[in-house]
$ cat protein-v8.cif   # mmCIF, N, CA and C atoms
data_upload
loop_
_atom_site.label_atom_id
_atom_site.label_comp_id
_atom_site.auth_asym_id
_atom_site.auth_seq_id
_atom_site.Cartn_x
_atom_site.Cartn_y
_atom_site.Cartn_z
N MET A 1 0.85 -1.19 0.00
CA MET A 1 0.00 0.00 0.00
C MET A 1 0.88 1.24 0.00
N ALA A 2 0.31 2.34 -0.27
CA ALA A 2 1.04 3.60 -0.41
C ALA A 2 1.56 4.13 0.92
N LYS A 3 2.69 4.83 0.82
CA LYS A 3 3.30 5.49 1.98
C LYS A 3 2.91 6.96 1.96
N LEU A 4 2.27 7.42 3.05
CA LEU A 4 1.84 8.80 3.17
C LEU A 4 2.67 9.50 4.24
N LEU A 5 3.00 10.76 3.98
CA LEU A 5 3.63 11.60 5.00
C LEU A 5 2.60 12.63 5.42
N LEU A 6 2.25 12.61 6.70
CA LEU A 6 1.30 13.56 7.27
C LEU A 6 2.10 14.59 8.05
N VAL A 7 2.05 15.85 7.59
CA VAL A 7 2.76 16.93 8.26
C VAL A 7 1.71 17.80 8.94
N GLU A 8 1.60 17.65 10.26
CA GLU A 8 0.54 18.28 11.04
C GLU A 8 1.05 18.51 12.45
N ASP A 9 0.87 19.71 12.98
CA ASP A 9 1.39 20.02 14.31
C ASP A 9 0.39 19.82 15.44
N HIS A 10 -0.87 19.64 15.16
CA HIS A 10 -1.86 19.42 16.21
C HIS A 10 -2.02 17.92 16.46
N GLU A 11 -1.64 17.51 17.66
CA GLU A 11 -1.63 16.08 17.99
C GLU A 11 -2.99 15.41 17.77
N GLU A 12 -4.07 16.08 18.17
CA GLU A 12 -5.38 15.42 18.02
C GLU A 12 -5.71 15.17 16.54
N ILE A 13 -5.25 16.02 15.66
CA ILE A 13 -5.51 15.83 14.23
C ILE A 13 -4.61 14.75 13.65
N TRP A 14 -3.28 14.81 13.94
CA TRP A 14 -2.43 13.78 13.36
C TRP A 14 -2.72 12.40 13.96
N ASP A 15 -3.10 12.35 15.22
CA ASP A 15 -3.46 11.08 15.83
C ASP A 15 -4.70 10.48 15.16
N PHE A 16 -5.74 11.30 15.02
CA PHE A 16 -6.99 10.88 14.37
C PHE A 16 -6.73 10.41 12.93
N LEU A 17 -6.05 11.26 12.14
CA LEU A 17 -5.83 10.93 10.74
C LEU A 17 -4.91 9.73 10.56
N SER A 18 -3.82 9.68 11.31
CA SER A 18 -2.88 8.57 11.13
C SER A 18 -3.52 7.22 11.49
N ARG A 19 -4.31 7.20 12.56
CA ARG A 19 -4.98 5.94 12.93
C ARG A 19 -5.96 5.50 11.85
N ARG A 20 -6.78 6.43 11.35
CA ARG A 20 -7.78 6.08 10.33
C ARG A 20 -7.12 5.70 9.02
N LEU A 21 -6.06 6.37 8.64
CA LEU A 21 -5.36 6.04 7.39
C LEU A 21 -4.68 4.68 7.50
N ARG A 22 -4.10 4.37 8.65
CA ARG A 22 -3.48 3.05 8.84
C ARG A 22 -4.53 1.94 8.76
N ARG A 23 -5.71 2.19 9.32
CA ARG A 23 -6.79 1.19 9.22
C ARG A 23 -7.18 0.95 7.78
N ARG A 24 -6.99 1.94 6.92
CA ARG A 24 -7.27 1.80 5.49
C ARG A 24 -6.13 1.12 4.75
N GLY A 25 -5.06 0.79 5.46
CA GLY A 25 -3.95 0.06 4.85
C GLY A 25 -2.77 0.91 4.42
N PHE A 26 -2.81 2.21 4.67
CA PHE A 26 -1.69 3.08 4.31
C PHE A 26 -0.58 2.98 5.35
N GLU A 27 0.65 3.11 4.89
CA GLU A 27 1.77 3.32 5.80
C GLU A 27 1.79 4.83 6.04
N VAL A 28 1.80 5.26 7.30
CA VAL A 28 1.72 6.68 7.62
C VAL A 28 2.93 7.11 8.44
N LEU A 29 3.63 8.11 7.93
CA LEU A 29 4.72 8.76 8.65
C LEU A 29 4.20 10.10 9.13
N VAL A 30 4.64 10.56 10.29
CA VAL A 30 4.15 11.83 10.83
C VAL A 30 5.33 12.76 11.12
N ALA A 31 5.19 14.00 10.65
CA ALA A 31 6.11 15.09 10.98
C ALA A 31 5.27 16.18 11.63
N THR A 32 5.83 16.86 12.62
CA THR A 32 5.03 17.83 13.37
C THR A 32 5.41 19.29 13.11
N ASP A 33 6.32 19.53 12.18
CA ASP A 33 6.59 20.90 11.75
C ASP A 33 7.09 20.86 10.30
N GLY A 34 7.12 22.02 9.68
CA GLY A 34 7.47 22.08 8.27
C GLY A 34 8.88 21.63 7.95
N ARG A 35 9.83 21.99 8.80
CA ARG A 35 11.23 21.59 8.58
C ARG A 35 11.36 20.07 8.63
N GLU A 36 10.76 19.46 9.65
CA GLU A 36 10.79 18.00 9.78
C GLU A 36 10.08 17.36 8.59
N GLY A 37 8.99 17.96 8.11
CA GLY A 37 8.27 17.44 6.97
C GLY A 37 9.13 17.41 5.71
N ILE A 38 9.87 18.48 5.47
CA ILE A 38 10.77 18.53 4.31
C ILE A 38 11.85 17.46 4.43
N GLU A 39 12.44 17.34 5.61
CA GLU A 39 13.50 16.34 5.84
C GLU A 39 12.96 14.92 5.66
N MET A 40 11.77 14.65 6.20
CA MET A 40 11.19 13.31 6.07
C MET A 40 10.80 13.01 4.63
N ALA A 41 10.30 14.02 3.92
CA ALA A 41 9.96 13.82 2.51
C ALA A 41 11.21 13.42 1.73
N ARG A 42 12.31 14.08 2.00
CA ARG A 42 13.57 13.79 1.32
C ARG A 42 14.08 12.39 1.67
N ALA A 43 14.04 12.03 2.95
CA ALA A 43 14.59 10.76 3.42
C ALA A 43 13.69 9.56 3.13
N GLU A 44 12.38 9.75 3.24
CA GLU A 44 11.45 8.61 3.18
C GLU A 44 10.78 8.40 1.83
N ARG A 45 10.79 9.41 0.96
CA ARG A 45 10.18 9.31 -0.37
C ARG A 45 8.73 8.82 -0.32
N PRO A 46 7.86 9.55 0.34
CA PRO A 46 6.45 9.11 0.41
C PRO A 46 5.78 9.18 -0.96
N ASP A 47 4.70 8.43 -1.10
CA ASP A 47 3.92 8.45 -2.34
C ASP A 47 3.04 9.70 -2.41
N LEU A 48 2.71 10.27 -1.25
CA LEU A 48 1.85 11.44 -1.18
C LEU A 48 2.09 12.13 0.16
N ILE A 49 1.97 13.47 0.15
CA ILE A 49 2.14 14.25 1.38
C ILE A 49 0.83 14.97 1.70
N LEU A 50 0.38 14.82 2.95
CA LEU A 50 -0.74 15.60 3.48
C LEU A 50 -0.10 16.70 4.32
N LEU A 51 -0.26 17.95 3.88
CA LEU A 51 0.52 19.05 4.45
C LEU A 51 -0.37 20.14 5.03
N ASP A 52 -0.31 20.26 6.37
CA ASP A 52 -0.97 21.40 7.02
C ASP A 52 -0.24 22.66 6.57
N MET A 53 -0.96 23.74 6.36
CA MET A 53 -0.33 24.96 5.88
C MET A 53 0.12 25.88 7.01
N ASN A 54 -0.43 25.71 8.19
CA ASN A 54 -0.04 26.54 9.35
C ASN A 54 0.82 25.71 10.29
N LEU A 55 2.12 25.73 10.04
CA LEU A 55 3.05 24.90 10.79
C LEU A 55 4.12 25.75 11.45
N PRO A 56 4.68 25.25 12.56
CA PRO A 56 5.84 25.94 13.15
C PRO A 56 7.10 25.64 12.33
N GLU A 57 8.15 26.39 12.63
CA GLU A 57 9.46 26.27 11.98
C GLU A 57 9.42 26.77 10.54
N VAL A 58 8.79 26.00 9.66
CA VAL A 58 8.62 26.37 8.25
C VAL A 58 7.14 26.18 7.95
N ASP A 59 6.46 27.21 7.45
CA ASP A 59 5.03 27.05 7.18
C ASP A 59 4.79 26.14 5.97
N GLY A 60 3.57 25.69 5.82
CA GLY A 60 3.22 24.75 4.75
C GLY A 60 3.42 25.32 3.35
N TRP A 61 3.18 26.62 3.19
CA TRP A 61 3.35 27.25 1.87
C TRP A 61 4.81 27.14 1.43
N THR A 62 5.71 27.45 2.36
CA THR A 62 7.15 27.39 2.08
C THR A 62 7.60 25.95 1.90
N ALA A 63 7.11 25.05 2.76
CA ALA A 63 7.48 23.64 2.65
C ALA A 63 7.05 23.07 1.29
N ALA A 64 5.84 23.39 0.86
CA ALA A 64 5.36 22.90 -0.44
C ALA A 64 6.27 23.39 -1.57
N ARG A 65 6.62 24.67 -1.54
CA ARG A 65 7.49 25.23 -2.59
C ARG A 65 8.86 24.55 -2.58
N GLN A 66 9.43 24.32 -1.38
CA GLN A 66 10.74 23.68 -1.29
C GLN A 66 10.69 22.25 -1.81
N ILE A 67 9.64 21.53 -1.46
CA ILE A 67 9.51 20.14 -1.92
C ILE A 67 9.34 20.12 -3.44
N LYS A 68 8.48 20.95 -3.97
CA LYS A 68 8.21 20.94 -5.41
C LYS A 68 9.40 21.45 -6.22
N ASN A 69 10.26 22.30 -5.63
CA ASN A 69 11.42 22.81 -6.35
C ASN A 69 12.63 21.89 -6.26
N ASP A 70 12.54 20.84 -5.47
CA ASP A 70 13.63 19.87 -5.33
C ASP A 70 13.49 18.83 -6.44
N PRO A 71 14.51 18.65 -7.28
CA PRO A 71 14.38 17.71 -8.40
C PRO A 71 14.09 16.26 -7.96
N ASP A 72 14.52 15.89 -6.75
CA ASP A 72 14.27 14.52 -6.28
C ASP A 72 12.88 14.33 -5.68
N MET A 73 12.23 15.42 -5.26
CA MET A 73 10.93 15.31 -4.60
C MET A 73 9.81 15.99 -5.36
N GLY A 74 10.13 16.74 -6.39
CA GLY A 74 9.16 17.60 -7.07
C GLY A 74 7.93 16.90 -7.60
N ALA A 75 8.04 15.63 -7.93
CA ALA A 75 6.89 14.90 -8.48
C ALA A 75 5.97 14.34 -7.39
N THR A 76 6.39 14.46 -6.13
CA THR A 76 5.57 13.93 -5.03
C THR A 76 4.30 14.78 -4.89
N PRO A 77 3.13 14.17 -5.00
CA PRO A 77 1.89 14.94 -4.86
C PRO A 77 1.66 15.40 -3.42
N ILE A 78 1.09 16.59 -3.30
CA ILE A 78 0.81 17.19 -2.00
C ILE A 78 -0.66 17.62 -1.94
N ILE A 79 -1.33 17.24 -0.85
CA ILE A 79 -2.67 17.74 -0.56
C ILE A 79 -2.54 18.70 0.61
N ALA A 80 -2.92 19.96 0.40
CA ALA A 80 -2.90 20.96 1.45
C ALA A 80 -4.06 20.71 2.41
N LEU A 81 -3.76 20.71 3.70
CA LEU A 81 -4.79 20.62 4.74
C LEU A 81 -4.78 21.95 5.47
N THR A 82 -5.89 22.66 5.46
CA THR A 82 -5.86 23.97 6.08
C THR A 82 -7.22 24.42 6.60
N ALA A 83 -7.16 25.19 7.67
CA ALA A 83 -8.38 25.80 8.20
C ALA A 83 -8.73 27.05 7.40
N HIS A 84 -7.81 27.48 6.54
CA HIS A 84 -8.08 28.62 5.66
C HIS A 84 -9.04 28.16 4.57
N ALA A 85 -10.24 28.61 4.60
CA ALA A 85 -11.24 28.16 3.62
C ALA A 85 -11.83 29.34 2.87
N LEU A 86 -11.08 30.40 2.74
CA LEU A 86 -11.54 31.55 1.99
C LEU A 86 -11.35 31.31 0.50
N ALA A 87 -12.00 32.10 -0.31
CA ALA A 87 -12.01 31.90 -1.75
C ALA A 87 -10.61 31.77 -2.36
N GLY A 88 -9.67 32.60 -1.97
CA GLY A 88 -8.35 32.57 -2.59
C GLY A 88 -7.38 31.57 -2.00
N ASP A 89 -7.77 30.91 -0.91
CA ASP A 89 -6.84 30.00 -0.23
C ASP A 89 -6.52 28.76 -1.06
N ARG A 90 -7.50 28.24 -1.77
CA ARG A 90 -7.24 27.09 -2.63
C ARG A 90 -6.24 27.48 -3.71
N ASP A 91 -6.44 28.63 -4.32
CA ASP A 91 -5.52 29.09 -5.36
C ASP A 91 -4.12 29.31 -4.80
N LYS A 92 -4.05 29.84 -3.59
CA LYS A 92 -2.75 30.08 -2.95
C LYS A 92 -2.02 28.75 -2.71
N ALA A 93 -2.75 27.73 -2.27
CA ALA A 93 -2.15 26.41 -2.05
C ALA A 93 -1.66 25.81 -3.37
N MET A 94 -2.45 25.95 -4.41
CA MET A 94 -2.06 25.42 -5.72
C MET A 94 -0.84 26.17 -6.26
N ALA A 95 -0.80 27.47 -6.05
CA ALA A 95 0.34 28.27 -6.50
C ALA A 95 1.62 27.89 -5.76
N ALA A 96 1.49 27.41 -4.52
CA ALA A 96 2.65 26.97 -3.75
C ALA A 96 3.14 25.60 -4.20
N GLY A 97 2.37 24.92 -5.06
CA GLY A 97 2.79 23.63 -5.58
C GLY A 97 1.93 22.46 -5.15
N CYS A 98 0.91 22.70 -4.35
CA CYS A 98 0.03 21.61 -3.91
C CYS A 98 -0.79 21.10 -5.09
N ASP A 99 -1.07 19.81 -5.07
CA ASP A 99 -1.84 19.19 -6.15
C ASP A 99 -3.33 19.21 -5.87
N ASP A 100 -3.70 19.35 -4.59
CA ASP A 100 -5.10 19.41 -4.20
C ASP A 100 -5.18 20.13 -2.86
N TYR A 101 -6.41 20.36 -2.42
CA TYR A 101 -6.67 21.20 -1.25
C TYR A 101 -7.82 20.57 -0.49
N HIS A 102 -7.68 20.49 0.84
CA HIS A 102 -8.75 19.95 1.68
C HIS A 102 -8.91 20.86 2.90
N PRO A 103 -10.06 21.54 3.01
CA PRO A 103 -10.27 22.43 4.16
C PRO A 103 -10.55 21.62 5.43
N LYS A 104 -10.13 22.19 6.56
CA LYS A 104 -10.47 21.61 7.86
C LYS A 104 -11.78 22.24 8.32
N PRO A 105 -12.58 21.56 9.10
CA PRO A 105 -12.33 20.23 9.63
C PRO A 105 -12.34 19.18 8.53
N VAL A 106 -11.56 18.13 8.75
CA VAL A 106 -11.37 17.09 7.75
C VAL A 106 -12.63 16.26 7.59
N ASP A 107 -13.06 16.12 6.33
CA ASP A 107 -14.13 15.20 5.95
C ASP A 107 -13.39 13.95 5.47
N PHE A 108 -13.28 12.94 6.34
CA PHE A 108 -12.41 11.80 6.07
C PHE A 108 -12.77 11.07 4.78
N SER A 109 -14.03 10.83 4.53
CA SER A 109 -14.40 10.10 3.30
C SER A 109 -14.03 10.91 2.06
N ARG A 110 -14.18 12.22 2.11
CA ARG A 110 -13.78 13.07 0.98
C ARG A 110 -12.26 13.06 0.82
N LEU A 111 -11.54 13.12 1.93
CA LEU A 111 -10.09 13.10 1.88
C LEU A 111 -9.58 11.79 1.28
N ILE A 112 -10.19 10.68 1.68
CA ILE A 112 -9.80 9.36 1.11
C ILE A 112 -10.01 9.38 -0.40
N GLY A 113 -11.12 9.94 -0.86
CA GLY A 113 -11.36 10.05 -2.30
C GLY A 113 -10.29 10.86 -3.00
N GLN A 114 -9.87 11.96 -2.38
CA GLN A 114 -8.81 12.79 -2.96
C GLN A 114 -7.48 12.03 -3.00
N ILE A 115 -7.16 11.33 -1.91
CA ILE A 115 -5.92 10.55 -1.85
C ILE A 115 -5.93 9.48 -2.93
N ASP A 116 -7.01 8.73 -3.02
CA ASP A 116 -7.10 7.66 -4.02
C ASP A 116 -6.97 8.20 -5.44
N ALA A 117 -7.64 9.32 -5.72
CA ALA A 117 -7.59 9.89 -7.07
C ALA A 117 -6.17 10.34 -7.43
N ILE A 118 -5.49 10.98 -6.50
CA ILE A 118 -4.13 11.44 -6.79
C ILE A 118 -3.17 10.27 -6.92
N LEU A 119 -3.28 9.28 -6.05
CA LEU A 119 -2.39 8.12 -6.16
C LEU A 119 -2.62 7.38 -7.47
N GLN A 120 -3.87 7.26 -7.88
CA GLN A 120 -4.18 6.60 -9.15
C GLN A 120 -3.58 7.38 -10.32
N ALA A 121 -3.70 8.69 -10.28
CA ALA A 121 -3.17 9.53 -11.37
C ALA A 121 -1.65 9.51 -11.42
N HIS A 122 -0.99 9.27 -10.30
CA HIS A 122 0.47 9.29 -10.25
C HIS A 122 1.11 7.91 -10.35
N GLN A 123 0.30 6.86 -10.53
CA GLN A 123 0.87 5.53 -10.68
C GLN A 123 1.60 5.43 -12.01
N PRO A 124 2.70 4.66 -12.02
CA PRO A 124 3.34 4.40 -13.32
C PRO A 124 2.37 3.68 -14.24
N LYS A 125 2.51 3.87 -15.54
CA LYS A 125 1.60 3.30 -16.52
C LYS A 125 1.47 1.79 -16.37
N GLU A 126 2.58 1.09 -16.07
CA GLU A 126 2.53 -0.37 -15.93
C GLU A 126 1.58 -0.80 -14.82
N GLU A 127 1.57 -0.03 -13.71
CA GLU A 127 0.71 -0.38 -12.58
C GLU A 127 -0.76 -0.08 -12.89
N LYS A 128 -1.02 0.96 -13.67
CA LYS A 128 -2.40 1.31 -14.00
C LYS A 128 -3.05 0.21 -14.84
N THR A 129 -2.25 -0.45 -15.69
CA THR A 129 -2.81 -1.46 -16.57
C THR A 129 -2.64 -2.86 -16.02
N ALA A 130 -2.00 -3.00 -14.85
CA ALA A 130 -1.84 -4.32 -14.25
C ALA A 130 -3.21 -4.94 -14.00
N GLY A 131 -3.33 -6.20 -14.33
CA GLY A 131 -4.59 -6.89 -14.12
C GLY A 131 -5.56 -6.76 -15.27
N LEU A 132 -5.26 -5.90 -16.23
CA LEU A 132 -6.13 -5.78 -17.39
C LEU A 132 -5.76 -6.85 -18.40
N SER A 133 -6.67 -7.18 -19.24
CA SER A 133 -6.41 -8.12 -20.32
C SER A 133 -5.28 -7.58 -21.18
N PRO A 134 -4.40 -8.45 -21.71
CA PRO A 134 -3.34 -7.98 -22.59
C PRO A 134 -3.89 -7.24 -23.80
N LEU A 135 -5.14 -7.51 -24.18
CA LEU A 135 -5.72 -6.84 -25.32
C LEU A 135 -6.23 -5.45 -24.98
N ALA A 136 -6.34 -5.12 -23.68
CA ALA A 136 -6.89 -3.83 -23.29
C ALA A 136 -6.06 -2.68 -23.84
N GLY A 137 -4.74 -2.75 -23.69
CA GLY A 137 -3.88 -1.70 -24.22
C GLY A 137 -3.94 -1.62 -25.73
N CYS A 138 -4.01 -2.77 -26.36
CA CYS A 138 -4.09 -2.82 -27.81
C CYS A 138 -5.37 -2.17 -28.29
N CYS A 139 -6.47 -2.50 -27.66
CA CYS A 139 -7.76 -1.94 -28.07
C CYS A 139 -7.81 -0.45 -27.83
N ARG A 140 -7.22 0.01 -26.72
CA ARG A 140 -7.19 1.45 -26.48
C ARG A 140 -6.40 2.18 -27.56
N SER A 141 -5.25 1.61 -27.95
CA SER A 141 -4.43 2.30 -28.95
C SER A 141 -5.08 2.25 -30.32
N ILE A 142 -5.76 1.16 -30.64
CA ILE A 142 -6.48 1.08 -31.93
C ILE A 142 -7.62 2.07 -31.91
N GLY A 143 -8.36 2.09 -30.79
CA GLY A 143 -9.51 2.99 -30.67
C GLY A 143 -9.11 4.45 -30.79
N SER A 144 -7.90 4.78 -30.31
CA SER A 144 -7.49 6.18 -30.35
C SER A 144 -7.19 6.63 -31.78
N ARG A 145 -6.91 5.68 -32.68
CA ARG A 145 -6.63 6.07 -34.09
C ARG A 145 -7.90 6.18 -34.90
N TRP A 146 -9.01 5.67 -34.41
CA TRP A 146 -10.24 5.67 -35.20
C TRP A 146 -11.08 6.79 -34.79
#

$ encode --input "protein-v8.cif" --output "structure tokens"
Amino acid sequence: MAKLLLVEDHEEIWDFLSRRLRRRGFEVLVATDGREGIEMARAERPDLILLDMNLPEVDGWTAARQIKNDPDMGATPIIALTAHALAGDRDKAMAAGCDDYHPKPVDFSRLIGQIDAILQAHQPKEEKTAGLSPLAGCCRSIGSRW
């Protein structure tokens, strides 16, 4: 299953989310400030990062930019978690490099949908077609020419 890095400084939130995500089969790493989150992202190579935007040490906006500007980590998808739910906050998170945005309080079923969609979109092509009939790829490529 996928490895997630949860960067969140409020214990009640990271405890709640990490327990529920582990029950769903995810491996969950936890960092409690932005600096630690950047270091763990570099060392652990998670499949996806859940990033609170209001963090001590280094805020989430800066952490997202640093991760996305690093050639070794730049492709790692990030979902911003924030209590900022104003109209421009989603755009601000996306401009910082986040791939998606989830306002707090967390709607767990919606968050799972976002995680699944991003992980599916970022899977290597071989994994996306695993389990499909060998003719599936052939039919798709023939269909695309017609």

$ atom_distance --input "protein-v8.cif" --atom1 "atom CA of Ala95 of chain A" --atom2 "atom CA of Leu81 of chain A"
14.5 Å

$ residues_around --input "protein-v8.cif" --residues "segment 46-48 of chain A" --least-positions-apart "5" --cutoff "7 Å" --atoms "only N, CA and C atoms" --output "NGL selection string"
:A and (2-6 or 40-41 or 76-79 or 119)

$ closest_residue --input "protein-v8.cif" --among "A:Glu36, A:Asp15, A:Glu27, A:Asp100" --to "Leu55 of chain A" --atoms "only C-alpha atoms"
A:Glu36

$ resolve_selection --input "protein-v8.cif" --expression "the PyMOL selection byres (((chain A and resi 104 and name CA) around 8) and name CA)" --output "list in words"
Leu81, Thr82, Ala83, His84, Ala85, His102, Pro103, Pro105, Val106 and Asp107 of chain A

$ resolve_selection --input "protein-v8.cif" --expression "the PyMOL selection byres (((chain A and resi 31 and name CA) around 10) and name CA)" --output "list in words"
Leu5, Leu6, Val7, Glu8, Asp9, Trp14, Leu29, Val30, Thr32, Asp33, Gly34, Arg35, Glu36, Gly37, Ile38, Glu39, Met40, Ala41 and Leu51 of chain A

$ resolve_selection --input "protein-v8.cif" --expression "the PyMOL selection byres ((chain A and resi 97) around 7)" --output "NGL selection string"
:A and (64-65 or 68 or 78 or 92-96 or 98-100)

$ atom_distance --input "protein-v8.cif" --atom1 "atom C of Ile49 of chain A" --atom2 "atom C of Asn69 of chain A"
15.8 Å

$ closest_residue --input "protein-v8.cif" --among "A:His10, A:Arg19, A:Ala117, A:Ala80" --to "Met53 of chain A" --atoms "all atoms listed in the file"
A:Ala80

$ atom_distance --input "protein-v8.cif" --atom1 "atom CA of Glu11 of chain A" --atom2 "atom CA of Asp70 of chain A"
28.1 Å

$ select_by_dssp --input "protein-v8.cif" --residues "segment 2-143 of chain A" --states "alpha helix (DSSP H)" --output "PyMOL selection string"
chain A and resi 11-23+34-44+60-69+87-95+108-121+125-128+134-143

$ select_by_dssp --input "protein-v8.cif" --residues "segment 37-135 of chain A" --states "strand (DSSP E)" --output "JSON, numbers by chain"
{"A": [48, 49, 50, 51, 52, 78, 79, 80, 81, 82, 100, 101, 102, 103]}

$ closest_residue --input "protein-v8.cif" --among "A:Asp72, A:Gly88, A:Leu17, A:Tyr101" --to "Arg45 of chain A" --atoms "all atoms listed in the file"
A:Asp72
